[in-house]
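See below for target_11.txt, which holds compact mmCIF, C-alpha atoms.
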# COMPACT_ATOMS: atom_id res chain seq x y z
CA MET A 1 0.00 0.00 0.00
CA LYS A 2 1.32 3.43 -0.92
CA ALA A 3 1.91 5.94 1.86
CA ALA A 4 -0.35 8.99 2.04
CA PRO A 5 1.00 12.17 0.35
CA ALA A 6 1.44 13.91 3.73
CA GLN A 7 3.55 11.03 5.03
CA ARG A 8 5.66 10.91 1.88
CA ALA A 9 6.12 14.67 2.03
CA ALA A 10 7.26 14.37 5.65
CA TRP A 11 9.82 11.73 4.65
CA LEU A 12 11.16 13.89 1.82
CA LEU A 13 11.39 16.91 4.12
CA ARG A 14 13.88 15.03 6.32
CA TRP A 15 16.55 15.58 3.68
CA TYR A 16 16.69 19.20 4.77
CA PRO A 17 18.49 20.48 7.89
CA ARG A 18 16.58 21.51 10.99
CA GLY A 19 17.00 25.27 10.50
CA TRP A 20 15.73 25.06 6.93
CA ARG A 21 12.73 22.94 8.03
CA ALA A 22 11.89 25.48 10.73
CA ARG A 23 11.82 28.28 8.15
CA TYR A 24 10.36 26.59 5.05
CA GLY A 25 9.05 23.25 6.38
CA ASP A 26 5.30 23.98 6.45
CA GLU A 27 5.02 25.67 3.08
CA PHE A 28 7.39 23.20 1.42
CA THR A 29 5.35 20.29 2.80
CA GLU A 30 2.18 21.83 1.37
CA LEU A 31 3.86 22.14 -2.04
CA LEU A 32 5.09 18.54 -1.85
CA ILE A 33 1.64 17.24 -0.89
CA ALA A 34 0.09 19.07 -3.85
CA ASP A 35 2.80 17.80 -6.17
CA ILE A 36 2.55 14.20 -4.92
CA THR A 37 -1.24 14.29 -5.26
CA GLU A 38 -0.90 15.50 -8.84
CA ARG A 39 1.98 13.19 -9.79
CA PRO A 40 2.02 10.22 -7.39
CA GLN A 41 5.13 8.64 -8.91
CA SER A 42 8.08 10.84 -9.76
CA TRP A 43 11.69 9.82 -9.35
CA THR A 44 12.81 13.21 -10.62
CA ARG A 45 10.93 14.93 -7.78
CA ALA A 46 12.53 12.64 -5.18
CA ALA A 47 15.98 13.20 -6.71
CA ASP A 48 15.41 16.95 -6.85
CA VAL A 49 14.35 17.11 -3.18
CA MET A 50 17.35 14.98 -2.16
CA ARG A 51 19.69 17.26 -4.10
CA GLY A 52 18.05 20.35 -2.62
CA GLY A 53 18.31 18.92 0.90
CA ILE A 54 21.98 18.06 0.51
CA THR A 55 22.66 21.51 -0.95
CA ALA A 56 20.89 23.11 2.03
CA ARG A 57 22.99 21.00 4.41
CA ILE A 58 26.19 22.00 2.62
CA ALA A 59 25.11 25.66 2.85
CA GLY A 60 24.29 25.18 6.55
CA ALA A 61 27.79 23.78 7.09
CA GLY A 62 29.25 26.99 5.68
CA LEU A 63 30.61 25.30 2.57
CA GLY A 64 28.73 27.19 -0.13
CA GLY A 65 25.34 28.00 -1.53
CA CYS A 66 22.68 30.17 0.04
CA SER A 67 22.51 29.84 3.81
CA LEU A 68 19.75 31.03 6.12
CA ALA A 69 22.33 32.09 8.70
CA ASP A 70 23.56 35.68 9.08
CA GLY A 71 27.17 36.77 8.48
CA THR A 72 28.78 35.74 11.76
CA ASP A 73 26.81 32.49 12.12
CA GLN A 74 27.76 31.64 8.56
CA VAL A 75 31.44 32.22 9.29
CA SER A 76 31.15 30.19 12.51
CA ALA A 77 29.66 27.33 10.47
CA SER A 78 32.53 27.57 7.98
CA LEU A 79 35.08 27.56 10.80
CA VAL A 80 33.45 24.52 12.39
CA SER A 81 33.64 22.68 9.05
CA LEU A 82 37.27 23.75 8.75
CA ALA A 83 38.00 22.50 12.27
CA CYS A 84 36.39 19.13 11.52
CA CYS A 85 38.39 18.77 8.29
CA ALA A 86 41.59 19.79 10.07
CA ALA A 87 40.88 17.19 12.78
CA VAL A 88 40.46 14.43 10.20
CA PHE A 89 43.58 15.60 8.38
CA LEU A 90 45.60 15.80 11.60
CA GLY A 91 44.38 12.44 12.89
CA LEU A 92 45.49 10.64 9.74
CA GLY A 93 48.57 12.82 9.32
CA ALA A 94 49.73 12.19 12.88
CA ALA A 95 49.34 8.44 12.32
CA ILE A 96 51.62 8.55 9.25
CA TRP A 97 54.09 11.01 10.76
CA SER A 98 54.46 9.12 14.06
CA GLN A 99 55.10 5.84 12.24
CA LEU A 100 57.83 7.44 10.16
CA THR A 101 59.49 9.28 13.05
CA ILE A 102 59.48 6.10 15.13
CA GLY A 103 61.07 4.34 12.16
CA TRP A 104 63.82 6.99 12.13
CA GLN A 105 64.52 6.26 15.81
CA TRP A 106 65.49 2.76 14.78
CA SER A 107 67.39 3.73 11.67
CA ALA A 108 67.81 6.84 9.52
CA PRO A 109 66.07 6.70 6.12
CA ASP A 110 68.27 5.84 3.13
CA ALA A 111 66.13 7.66 0.54
CA ARG A 112 66.37 11.42 0.04
CA ALA A 113 62.62 11.61 -0.61
CA THR A 114 61.84 10.07 2.79
CA THR A 115 64.27 12.39 4.57
CA VAL A 116 62.83 15.48 2.87
CA ALA A 117 59.30 14.22 3.50
CA LEU A 118 59.97 13.69 7.18
CA VAL A 119 61.44 17.17 7.56
CA MET A 120 58.37 18.67 5.80
CA LEU A 121 55.96 16.56 7.84
CA SER A 122 57.68 17.44 11.13
CA ALA A 123 57.77 21.16 10.31
CA ALA A 124 54.10 21.04 9.38
CA MET A 125 53.22 19.18 12.59
CA LEU A 126 55.04 21.83 14.61
CA ALA A 127 53.15 24.54 12.72
CA PHE A 128 49.84 22.74 13.30
CA THR A 129 50.57 22.64 17.04
CA VAL A 130 51.30 26.37 17.13
CA LEU A 131 48.24 27.17 14.99
CA ALA A 132 45.98 24.96 17.13
CA ALA A 133 47.15 26.70 20.30
CA ALA A 134 46.74 30.13 18.68
CA ALA A 135 43.25 29.21 17.48
CA ALA A 136 42.13 27.66 20.77
CA ALA A 137 43.21 30.52 23.05
CA PRO A 138 40.67 33.20 21.98
CA VAL A 139 37.91 30.60 21.65
CA MET A 140 38.55 29.41 25.20
CA TRP A 141 38.60 33.02 26.37
CA CYS A 142 35.24 33.74 24.70
CA VAL A 143 33.71 30.53 26.05
CA ALA A 144 34.91 31.40 29.56
CA ALA A 145 33.42 34.88 29.19
CA ARG A 146 30.08 33.40 28.08
CA VAL A 147 30.07 30.98 30.98
CA SER A 148 30.78 33.80 33.43
CA CYS A 149 27.91 35.78 31.85
CA GLY A 150 25.43 33.07 32.74
CA HIS A 151 25.50 30.94 29.57
CA ALA A 152 27.00 27.98 31.40
CA LYS A 153 23.96 25.77 30.84
CA ARG A 154 24.09 26.22 27.07
CA LEU A 155 27.81 25.46 26.94
CA ALA A 156 27.93 22.73 29.61
CA ALA A 157 27.31 19.77 27.30
CA PRO A 158 29.89 20.71 24.63
CA LEU A 159 32.50 21.57 27.24
CA LEU A 160 31.86 18.29 29.03
CA PHE A 161 32.26 16.36 25.78
CA THR A 162 35.49 18.17 24.93
CA ALA A 163 36.97 17.80 28.41
CA ALA A 164 36.09 14.09 28.63
CA GLY A 165 37.52 13.44 25.15
CA VAL A 166 40.75 15.31 25.88
CA ALA A 167 41.17 13.48 29.22
CA VAL A 168 40.65 10.06 27.65
CA MET A 169 42.97 10.84 24.75
CA PHE A 170 45.70 12.19 27.00
CA VAL A 171 45.61 9.39 29.58
CA GLY A 172 45.23 6.63 26.98
CA ALA A 173 47.91 7.94 24.63
CA ARG A 174 50.34 8.41 27.54
CA HIS A 175 49.65 4.90 28.78
CA PHE A 176 49.98 3.09 25.45
CA GLY A 177 52.74 5.35 24.14
CA ASN A 178 55.06 4.29 26.91
CA GLY A 179 54.50 0.60 26.50
CA TRP A 180 55.96 -0.07 23.07
CA PRO A 181 59.64 -0.80 22.26
CA GLY A 182 61.23 1.92 20.15
CA THR A 183 58.93 4.62 21.43
CA GLY A 184 58.92 6.92 24.40
CA GLY A 185 60.89 6.01 27.45
CA HIS A 186 63.02 3.37 25.73
CA ALA A 187 66.75 3.75 26.31
CA TRP A 188 67.81 3.66 22.67
CA ALA A 189 64.99 5.80 21.29
CA ARG A 190 67.24 8.84 21.05
CA GLN A 191 67.85 9.48 17.36
CA GLY A 192 65.51 11.07 14.87
CA LEU A 193 63.86 14.42 14.33
CA VAL A 194 61.57 14.57 17.33
CA PRO A 195 61.71 13.34 20.94
CA GLY A 196 60.66 9.71 21.23
CA GLY A 197 57.97 10.55 23.76
CA VAL A 198 56.23 12.93 21.34
CA ALA A 199 56.31 10.39 18.53
CA ALA A 200 55.09 7.65 20.86
CA PHE A 201 52.24 9.82 22.14
CA CYS A 202 51.05 10.55 18.59
CA TRP A 203 51.50 6.91 17.60
CA ALA A 204 49.38 5.74 20.53
CA ALA A 205 46.76 8.45 20.02
CA THR A 206 46.29 7.31 16.42
CA LEU A 207 46.62 3.58 17.03
CA SER A 208 43.16 3.05 15.52
CA VAL A 209 44.44 4.19 12.11
CA SER A 210 45.66 0.75 11.24
CA ALA A 211 45.64 -1.75 8.40
CA TYR A 212 45.01 -4.45 10.98
CA TRP A 213 41.27 -3.73 10.78
CA ALA A 214 41.38 -5.57 7.44
CA HIS A 215 43.07 -8.57 9.07
CA PRO A 216 40.77 -9.77 11.86
CA ALA A 217 42.89 -12.86 12.62
CA ALA A 218 45.98 -10.74 13.30
CA LEU A 219 43.89 -8.22 15.20
CA ALA A 220 42.54 -10.94 17.48
CA ALA A 221 46.09 -11.64 18.67
CA PHE A 222 46.40 -8.09 20.06
CA PRO A 223 46.19 -7.61 23.85
CA ALA A 224 42.61 -6.90 24.94
CA ALA A 225 43.55 -3.50 26.41
CA GLU A 226 45.11 -2.40 23.13
CA LEU A 227 42.05 -3.52 21.19
CA ALA A 228 39.81 -1.63 23.59
CA TRP A 229 41.96 1.48 23.11
CA MET A 230 41.74 1.13 19.33
CA ALA A 231 37.95 1.17 19.68
CA VAL A 232 37.71 3.88 22.34
CA SER A 233 40.23 6.42 21.02
CA PRO A 234 38.27 7.34 17.84
CA VAL A 235 35.16 7.89 19.98
CA ALA A 236 37.16 10.11 22.35
CA MET A 237 38.56 12.02 19.40
CA ALA A 238 35.04 12.46 18.01
CA CYS A 239 33.96 13.83 21.42
CA VAL A 240 36.79 16.39 21.32
CA VAL A 241 35.95 17.52 17.79
CA GLY A 242 32.17 17.43 18.24
CA GLY A 243 32.29 19.19 21.60
CA THR A 244 34.59 21.88 20.26
CA ALA A 245 32.38 22.39 17.20
CA MET A 246 29.27 22.74 19.38
CA ALA A 247 31.06 25.15 21.71
CA ILE A 248 32.16 27.35 18.78
CA ARG A 249 28.60 27.43 17.38
CA ARG A 250 27.03 28.16 20.75
CA ALA A 251 29.59 30.64 22.07
CA GLY A 252 28.75 33.20 19.38
CA LEU A 253 32.30 34.38 18.72
CA PRO A 254 32.70 38.12 18.05
CA ALA A 255 33.58 39.32 14.56
CA SER A 256 37.15 40.22 15.54
CA VAL A 257 37.81 36.66 16.74
CA LEU A 258 36.18 35.24 13.62
CA ARG A 259 38.43 37.32 11.36
CA TYR A 260 41.47 36.17 13.36
CA GLU A 261 40.37 32.52 13.11
CA ILE A 262 39.85 32.85 9.35
CA ARG A 263 43.47 34.03 8.99
CA LEU A 264 44.64 31.04 11.00
CA GLY A 265 42.46 28.85 8.80
CA VAL A 266 44.28 30.13 5.70
CA ALA A 267 47.61 29.35 7.37
CA ALA A 268 46.35 25.87 8.35
CA CYS A 269 45.38 25.17 4.73
CA VAL A 270 48.87 26.19 3.57
CA MET A 271 50.44 23.84 6.13
CA MET A 272 48.11 21.04 5.03
CA VAL A 273 49.41 21.49 1.49
CA VAL A 274 53.00 21.29 2.81
CA PHE A 275 52.19 18.17 4.83
CA LEU A 276 50.39 16.46 1.96
CA SER A 277 53.23 17.30 -0.44
CA GLY A 278 55.73 15.68 1.91
CA CYS A 279 53.47 12.71 2.31
CA CYS A 280 53.16 12.28 -1.46
CA ALA A 281 56.95 12.56 -1.87
CA TRP A 282 57.37 9.67 0.57
CA LEU A 283 54.58 7.58 -0.99
CA ILE A 284 55.88 8.07 -4.54
CA ASP A 285 59.63 8.00 -4.14
CA GLY A 286 60.42 7.00 -0.56
CA GLY A 287 60.96 3.27 -0.81
CA PRO A 288 60.79 0.82 2.09
CA GLY A 289 64.08 1.99 3.67
CA PRO A 290 66.32 -0.03 5.98
CA ARG A 291 64.58 -3.02 7.58
CA ASN A 292 61.36 -1.99 5.84
CA LEU A 293 60.91 0.78 8.44
CA PHE A 294 59.54 3.32 5.94
CA HIS A 295 57.36 0.99 3.90
CA ALA A 296 54.20 2.68 2.55
CA GLY A 297 51.16 0.43 2.70
CA ALA A 298 47.64 0.62 1.30
CA ILE A 299 46.46 2.25 4.52
CA ASP A 300 48.92 5.12 3.97
CA ILE A 301 47.72 5.66 0.40
CA ALA A 302 44.09 5.55 1.57
CA ALA A 303 44.91 8.00 4.39
CA ALA A 304 46.60 10.39 1.93
CA ALA A 305 43.51 10.24 -0.31
CA VAL A 306 41.20 11.08 2.60
CA MET A 307 43.56 13.87 3.66
CA ALA A 308 43.40 15.32 0.14
CA VAL A 309 39.59 15.36 0.36
CA ALA A 310 39.74 16.93 3.84
CA LEU A 311 42.10 19.60 2.48
CA ALA A 312 39.76 20.37 -0.44
CA VAL A 313 36.77 20.75 1.90
CA ALA A 314 38.83 22.85 4.35
CA GLN A 315 39.85 25.18 1.51
CA GLN A 316 36.22 25.52 0.46
CA ALA A 317 35.28 26.37 4.08
CA VAL A 318 37.97 29.07 4.21
CA ARG A 319 36.89 30.46 0.82
CA GLN A 320 33.30 30.61 2.02
CA ALA A 321 34.30 32.27 5.30
CA LEU A 322 36.32 34.88 3.43
CA ARG A 323 33.40 35.45 1.05
CA SER A 324 31.02 36.02 3.95
CA GLY A 325 32.99 39.17 4.72
CA VAL A 326 32.58 39.59 8.47
CA THR A 327 32.92 43.28 9.22
CA PRO A 328 33.55 44.93 12.58
CA ALA A 329 29.96 46.20 12.59
CA THR A 330 28.47 42.76 12.07
CA ARG A 331 28.31 41.94 15.74
CA MET B 1 25.52 40.78 -5.15
CA ALA B 2 24.34 43.32 -2.62
CA LYS B 3 20.77 44.27 -1.93
CA GLY B 4 19.55 47.08 -4.12
CA ARG B 5 21.69 46.25 -7.11
CA THR B 6 19.78 46.76 -10.32
CA GLU B 7 22.30 46.17 -13.09
CA PRO B 8 21.27 43.82 -15.90
CA GLU B 9 23.84 41.29 -14.76
CA ALA B 10 22.27 41.05 -11.28
CA LEU B 11 20.57 37.76 -12.07
CA ALA B 12 23.72 36.43 -13.69
CA GLY B 13 25.08 36.12 -10.15
CA PHE B 14 22.63 33.27 -9.65
CA GLY B 15 24.65 31.08 -12.00
CA ARG B 16 22.71 27.95 -12.85
CA TYR B 17 19.71 29.31 -10.92
CA ALA B 18 19.37 32.33 -13.22
CA GLY B 19 16.81 30.54 -15.41
CA SER B 20 14.52 29.54 -12.57
CA ALA B 21 15.05 32.93 -10.86
CA THR B 22 13.89 34.74 -14.00
CA LEU B 23 10.84 32.51 -14.28
CA ILE B 24 9.90 33.07 -10.63
CA LEU B 25 10.37 36.83 -10.83
CA ALA B 26 8.35 36.96 -14.06
CA SER B 27 5.57 34.97 -12.42
CA LEU B 28 5.54 37.20 -9.33
CA ALA B 29 5.44 40.30 -11.54
CA GLU B 30 1.64 39.94 -11.76
CA GLY B 31 1.20 39.55 -7.99
CA ALA B 32 1.98 37.47 -4.91
CA LYS B 33 1.88 33.67 -5.22
CA HIS B 34 2.67 30.67 -3.03
CA GLY B 35 4.84 27.74 -4.09
CA TYR B 36 2.25 25.61 -5.85
CA ALA B 37 0.65 28.58 -7.63
CA LEU B 38 4.13 29.61 -8.83
CA THR B 39 4.77 26.10 -10.18
CA LYS B 40 1.49 26.02 -12.09
CA ASP B 41 1.86 29.56 -13.44
CA ILE B 42 5.41 28.96 -14.66
CA GLU B 43 4.31 25.69 -16.25
CA SER B 44 1.53 27.49 -18.08
CA PHE B 45 3.56 30.38 -19.51
CA ALA B 46 6.98 28.75 -19.96
CA GLY B 47 6.17 25.05 -20.37
CA VAL B 48 8.65 24.26 -17.59
CA ARG B 49 7.70 22.56 -14.35
CA LEU B 50 10.04 23.63 -11.56
CA ALA B 51 10.59 20.74 -9.17
CA PRO B 52 9.94 21.55 -5.46
CA GLY B 53 13.61 21.46 -4.41
CA THR B 54 14.71 23.68 -7.27
CA LEU B 55 11.85 26.11 -6.67
CA TYR B 56 12.65 26.59 -2.99
CA GLU B 57 16.38 26.83 -3.60
CA ALA B 58 15.70 29.70 -5.98
CA LEU B 59 13.13 31.28 -3.65
CA ALA B 60 15.64 31.23 -0.78
CA ARG B 61 18.30 32.87 -2.94
CA LEU B 62 15.93 35.53 -4.28
CA GLN B 63 14.73 36.29 -0.76
CA ALA B 64 18.30 36.47 0.57
CA GLN B 65 19.13 38.99 -2.18
CA GLY B 66 16.09 41.08 -1.35
CA LEU B 67 14.46 40.56 -4.76
CA ILE B 68 11.33 38.95 -3.28
CA GLU B 69 9.76 38.93 0.17
CA ALA B 70 7.58 36.49 2.07
CA LEU B 71 4.10 37.52 3.19
CA GLU B 72 2.11 36.14 6.12
CA SER B 73 1.36 32.46 5.59
CA GLN B 74 -2.15 31.36 4.68
CA ASP B 75 -3.06 27.81 5.77
CA ARG B 76 0.61 26.82 5.96
CA ARG B 77 1.16 28.20 2.44
CA ARG B 78 3.34 31.29 2.36
CA PRO B 79 2.93 33.67 -0.57
CA TYR B 80 5.89 35.59 -1.97
CA GLN B 81 5.85 38.94 -3.70
CA LEU B 82 8.27 40.93 -5.80
CA THR B 83 10.08 43.80 -4.07
CA ALA B 84 10.76 47.15 -5.75
CA VAL B 85 14.39 46.12 -6.19
CA GLY B 86 13.29 42.77 -7.62
CA ALA B 87 11.06 44.56 -10.14
CA GLN B 88 13.96 46.78 -11.25
CA VAL B 89 16.32 43.82 -11.56
CA LEU B 90 13.76 41.83 -13.54
CA ARG B 91 13.08 44.77 -15.86
CA ALA B 92 16.79 45.31 -16.52
CA HIS B 93 17.35 41.58 -17.06
CA LEU B 94 14.43 41.24 -19.47
CA ASP B 95 15.54 44.37 -21.38
CA THR B 96 18.92 42.74 -21.92
CA GLN B 97 17.28 39.49 -22.97
CA ARG B 98 15.04 41.39 -25.40
CA ARG B 99 18.03 43.21 -26.95
CA VAL B 100 19.77 39.85 -27.44
CA ALA B 101 16.61 38.30 -28.88
CA ASP B 102 16.03 41.26 -31.25
CA LEU B 103 19.64 41.18 -32.42
CA GLY B 104 19.54 37.42 -32.98
CA LEU B 105 16.28 37.64 -34.93
CA ARG B 106 17.62 40.48 -37.12
CA ARG B 107 20.78 38.53 -37.94
CA LEU B 108 18.76 35.40 -38.64
CA ALA B 109 16.52 37.36 -40.96
CA ARG B 110 19.52 38.84 -42.84
CA GLN B 111 21.31 35.54 -43.34
CA TRP B 112 18.50 33.00 -43.44
CA GLY B 113 15.44 34.96 -44.48
CA THR B 114 12.28 35.60 -42.52
CA THR B 115 10.68 32.16 -42.70
Target format structure tokens, applied to this file:
Amino acid sequence: MKAAPAQRAAWLLRWYPRGWRARYGDEFTELLIADITERPQSWTRAADVMRGGITARIAGAGLGGCSLADGTDQVSASLVSLACCAAVFLGLGAAIWSQLTIGWQWSAPDARATTVALVMLSAAMLAFTVLAAAAAAPVMWCVAARVSCGHAKRLAAPLLFTAAGVAVMFVGARHFGNGWPGTGGHAWARQGLVPGGVAAFCWAATLSVSAYWAHPAALAAFPAAELAWMAVSPVAMACVVGGTAMAIRRAGLPASVLRYEIRLGVAACVMMVVFLSGCCAWLIDGGPGPRNLFHAGAIDIAAAAVMAVALAVAQQAVRQALRSGVTPATR
Amino acid sequence: MAKGRTEPEALAGFGRYAGSATLILASLAEGAKHGYALTKDIESFAGVRLAPGTLYEALARLQAQGLIEALESQDRRRPYQLTAVGAQVLRAHLDTQRRVADLGLRRLARQWGTT
């Protein structure tokens, strides 16, 4: 039995984001009901509504199109999208970089491409750390100001998510980073570009980025605690990113902070290009190196592909934020 | 494109939505209409049926640019009407279109005859 037009219209409306539904939902539903009554079967209508809904969601995420949000909210949305893309990029990038730097602690690379790549990757990671700290400071200041002004209830959930995620990531990465030969704390882990403890921390934090997921038999041989960490750490990371994104959206950052964050976003995109270039140099021309320490696997190629997509979306978010043109008078 | 802009190229800023934007503005030129009435009117004078998603995407853009405005909703249906700026933009756009059409027809007549 076919569903009633009103029910089908309600299903189709779900393609659109909440804000759009609140503004256009009633009238759009009426139009859909009339259209469905007139033409009960239409794949083109369904496809058109799906496309329109996705476009509205992309616009709502500050990535293009016509958004319902005003200037500052639109820029906030773009910055949140940028932060999410940067988090994905950094998560995968840190996994690759930590593997390579740990490899260097065992033995220096014999290929020029790998050496150059590692220098580029390490410089970019350092820049990312500085940029992240520079970006976080004013946001934390604004959030603290909002909390002190009585908006604590609105910001409690995102802050709780972020704090819990950071705590789990820090404790877990410290614990597992110190328990692996060749990483932090080991007597002979003293050569290479970065301190062994830093490399080990990043390695442990990104332990879930692993080709072992495709080999369940090998994965089953892992210690139970390590397996649990591989499952928990991505959730903790998602809590950090999601909580931060919610906090940015709810804090209502002033225009001056938004402009500052956009500039940092441009710098972050440049560093992503540097990082990805180094990564490609290693993937294309690096070779396996001594004792196969710098071998590039399918997981690394897949990670580089996802990082390229994250970079493209991040650039679009920055472009859109710049286009929104937040002026001092906006807020 | 900022609100109040009336140059002929104003609608060109809509990119691939320029066609549907022109149709909607032309339909609203005779008075306020809600979504379904717009669809039927455009179908009758242009032979094109705007799908619901496309229609509302264009309506949102036109409203954001200040070319149309929403009126109070009637039974969950919200009518839209042309603004003064929208009327100016539509007039300028159609004048340009007419000049192009006249020029094309004249050249066709010179080279290919009138039939």
Task: Selection as JSON, numbers by chain: residues within 12 Å of (17.6, 14.1, 0.5), counting all atoms listed in the file - done: {"A": [9, 10, 11, 12, 13, 14, 15, 16, 17, 45, 46, 47, 48, 49, 50, 51, 52, 53, 54, 55, 56, 57, 58], "B": [53]}
Please build the interface table for chain B against chain A with a cut-off of 12 Å, listing for each qualifying residue the nearest atom pair and the distance in Å to one decimal; count all atoms listed in the file, order rows by chain and increasing number, and write it as a tab-separated table.
residue	atom	partner	partner_atom	distance
B:Met1	CA	A:Arg323	CA	11.4
B:Ala2	CA	A:Ser324	CA	11.9
B:Gly13	CA	A:Gly65	CA	11.8
B:Phe14	CA	A:Gly65	CA	10.1
B:Gly15	CA	A:Gly65	CA	10.9
B:Arg16	CA	A:Gly65	CA	11.6
B:Tyr17	CA	A:Gly65	CA	11.0
B:Lys33	CA	A:Glu27	CA	11.9
B:His34	CA	A:Glu27	CA	8.2
B:Gly35	CA	A:Leu31	CA	6.0
B:Tyr36	CA	A:Leu31	CA	5.4
B:Ala37	CA	A:Leu31	CA	9.1
B:Leu38	CA	A:Leu31	CA	10.1
B:Thr39	CA	A:Leu31	CA	9.1
B:Lys40	CA	A:Asp35	CA	10.2
B:Arg49	CA	A:Arg45	CA	10.6
B:Leu50	CA	A:Arg45	CA	9.5
B:Ala51	CA	A:Arg45	CA	6.0
B:Pro52	CA	A:Val49	CA	6.7
B:Gly53	CA	A:Val49	CA	4.6
B:Thr54	CA	A:Gly52	CA	6.6
B:Leu55	CA	A:Gly52	CA	9.4
B:Tyr56	CA	A:Phe28	CA	7.7
B:Glu57	CA	A:Gly52	CA	6.8
B:Ala58	CA	A:Cys66	CA	9.2
B:Leu59	CA	A:Tyr24	CA	10.3
B:Ala60	CA	A:Cys66	CA	7.2
B:Arg61	CA	A:Cys66	CA	5.9
B:Leu62	CA	A:Cys66	CA	9.6
B:Gln63	CA	A:Leu68	CA	10.0
B:Ala64	CA	A:Cys66	CA	7.7
B:Gln65	CA	A:Cys66	CA	9.8
B:Ala70	CA	A:Tyr24	CA	10.7
B:Leu71	CA	A:Glu27	CA	11.9
B:Glu72	CA	A:Glu27	CA	11.3
B:Ser73	CA	A:Glu27	CA	8.1
B:Gln74	CA	A:Glu27	CA	9.3
B:Asp75	CA	A:Glu27	CA	8.8
B:Arg76	CA	A:Glu27	CA	5.4
B:Arg77	CA	A:Glu27	CA	4.7
B:Arg78	CA	A:Glu27	CA	5.9
B:Pro79	CA	A:Glu27	CA	9.0
B:Tyr80	CA	A:Glu27	CA	11.2
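Straight-line separation from atom CA of Ala231 of chain A to atom CA of Ala312 of chain A: 27.9 Å.
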Task: For Met237 of chain A: contacts at 9 Å, only C-alpha atoms, fewer than 6 positions along chain excluded, given as a PyMOL selection string - done: chain A and resi 87+91+162+165-166+168-169+205
Closest atom pairs, residues of segment 148-178 of chain A within 10 Å of segment 194-199 of chain A, all atoms listed in the file, as CSV:
residue,atom,partner,partner_atom,distance
A:Arg174,CA,A:Gly197,CA,8.8
A:Gly177,CA,A:Gly197,CA,7.4
A:Asn178,CA,A:Gly197,CA,7.6
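Atom to atom, atom CA of Pro138 of chain A and atom CA of Val257 of chain A stand 6.9 Å apart.
Picture a line from atom CA of Val209 of chain A to atom CA of Ala133 of chain A; it runs 24.1 Å.
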I'd like the contact shell of Ala156 of chain A - 12 Å cut-off, all atoms listed in the file, skipping same-chain residues fewer than 6 positions apart - returned as a compact mmCIF listing (two decimals) with C-alpha atoms, in the frame of the given file.
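Done, and the output landed in part-v1.txt:
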# COMPACT_ATOMS: atom_id res chain seq x y z
CA VAL A 143 33.71 30.53 26.05
CA ALA A 144 34.91 31.40 29.56
CA ARG A 146 30.08 33.40 28.08
CA VAL A 147 30.07 30.98 30.98
CA GLY A 150 25.43 33.07 32.74
CA THR A 162 35.49 18.17 24.93
CA ALA A 163 36.97 17.80 28.41
CA ALA A 164 36.09 14.09 28.63
CA GLY A 243 32.29 19.19 21.60
CA THR A 244 34.59 21.88 20.26
CA MET A 246 29.27 22.74 19.38
CA ALA A 247 31.06 25.15 21.71
CA ARG A 250 27.03 28.16 20.75
CA ALA A 251 29.59 30.64 22.07
Excluding Ala123 of chain A and any residue of its chain fewer than 2 positions from it, enumerate the residues within 12 Å of it, using all atoms listed in the file, and give them as an mmCIF file with C-alpha atoms, in the coordinates of the input.
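The result, written out as result_24.cif:
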data_model
loop_
_atom_site.group_PDB
_atom_site.id
_atom_site.type_symbol
_atom_site.label_atom_id
_atom_site.label_comp_id
_atom_site.auth_asym_id
_atom_site.auth_seq_id
_atom_site.Cartn_x
_atom_site.Cartn_y
_atom_site.Cartn_z
ATOM 1 C CA TRP A 97 54.090 11.010 10.760
ATOM 2 C CA VAL A 116 62.830 15.480 2.870
ATOM 3 C CA ALA A 117 59.300 14.220 3.500
ATOM 4 C CA LEU A 118 59.970 13.690 7.180
ATOM 5 C CA VAL A 119 61.440 17.170 7.560
ATOM 6 C CA MET A 120 58.370 18.670 5.800
ATOM 7 C CA LEU A 121 55.960 16.560 7.840
ATOM 8 C CA MET A 125 53.220 19.180 12.590
ATOM 9 C CA LEU A 126 55.040 21.830 14.610
ATOM 10 C CA ALA A 127 53.150 24.540 12.720
ATOM 11 C CA PHE A 128 49.840 22.740 13.300
ATOM 12 C CA THR A 129 50.570 22.640 17.040
ATOM 13 C CA VAL A 130 51.300 26.370 17.130
ATOM 14 C CA LEU A 193 63.860 14.420 14.330
ATOM 15 C CA VAL A 194 61.570 14.570 17.330
ATOM 16 C CA MET A 271 50.440 23.840 6.130
ATOM 17 C CA MET A 272 48.110 21.040 5.030
ATOM 18 C CA VAL A 274 53.000 21.290 2.810
ATOM 19 C CA PHE A 275 52.190 18.170 4.830
ATOM 20 C CA GLY A 278 55.730 15.680 1.910
#
Task: Point (39.1, 18.4, 7.9) neighbourhood (7 Å, only C-alpha atoms) written as JSON, numbers by chain - done: {"A": [82, 83, 84, 85, 86, 87, 88, 89, 310, 311, 313, 314]}
Tell me, as a tab-separated table (two decimals) with C-alpha atoms, keeping the file's coordinate frame, which residues lie within 10 Å of segment 288-290 of chain A, counting only C-alpha atoms; anything in the same chain fewer than 6 positions away does not count.
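Saved as out.tsv:
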chain	number	residue	atom	x	y	z
A	103	GLY	CA	61.07	4.34	12.16
A	104	TRP	CA	63.82	6.99	12.13
A	106	TRP	CA	65.49	2.76	14.78
A	107	SER	CA	67.39	3.73	11.67
A	108	ALA	CA	67.81	6.84	9.52
A	109	PRO	CA	66.07	6.70	6.12
A	110	ASP	CA	68.27	5.84	3.13
A	111	ALA	CA	66.13	7.66	0.54
A	114	THR	CA	61.84	10.07	2.79
A	282	TRP	CA	57.37	9.67	0.57
A	296	ALA	CA	54.20	2.68	2.55
A	297	GLY	CA	51.16	0.43	2.70
